[in-house]
Amino acid sequence: MATAPPRLDRVMLTDGYNTENFRSGHSGAFTSIFSNPVLINVTMANNRYSSYGYRWVEGGAFYADHTRAVIINSIISDNSLFDMMTQDSCEIVVVSSLLERGRDKIQKLAELNLVWLEGNQSGDPGMNP
């Protein structure tokens, strides 16, 4: 029996903070491993992740491993060093969304197929006064 992919719609994932003392593949807001999430009208802002004593830098808002994610009409801004971090065999489809630093704020540790479709923007969305 097939199952539907996880779907987040009209959700704010903000001010998350996660710490680990080993590399565990987490983020401050959303982690997807062996999944195909669809994120629509999602705001991920001011999320932090720190990994003590290990050389990897994890994604502040979104971490993906063996994932095909679709991000539509969403804002990803003001997170730790990277907004997103991808591990093995990922495809991220971004449509009509605002990523604060665009593609430059996606940390790729392995194979990533980034599909950057129409309507995407980069820049400060003015979320912090």
# chains A, B, ... in the order shown; residues from 1 in each chain; ligands from 1
call {"tool": "residues_around", "arguments": {"residues": "region 89-98 of chain A", "least_positions_apart": "5", "cutoff": "12 Å", "atoms": "only C-alpha atoms", "output": "PyMOL selection string"}}
result
chain A and resi 32-45+62-78+83-84+103+105-127
call {"tool": "select_by_dssp", "arguments": {"residues": "chain A", "states": "strand (DSSP E)", "output": "PyMOL selection string"}}
result
chain A and resi 7-14+17-20+30-35+38-45+48-51+62-72+75-77+84-86+90-95+98-99+106-108+112-116
call {"tool": "atom_distance", "arguments": {"atom1": "CA of Asn79 (chain A)", "atom2": "CA of Ala4 (chain A)"}}
result
28.8 Å
call {"tool": "closest_residue", "arguments": {"among": "A:Thr31, A:Asn47, A:Phe82, A:Thr3", "to": "Tyr17 (chain A)", "atoms": "only C-alpha atoms"}}
result
A:Asn47
call {"tool": "closest_residue", "arguments": {"among": "A:Gly102, A:Val11, A:Ser27, A:Pro5", "to": "Thr86 (chain A)", "atoms": "only C-alpha atoms"}}
result
A:Ser27
call {"tool": "closest_residue", "arguments": {"among": "A:Asn46, A:Ser80, A:Phe30, A:Asp88", "to": "Thr14 (chain A)", "atoms": "only C-alpha atoms"}}
result
A:Asn46
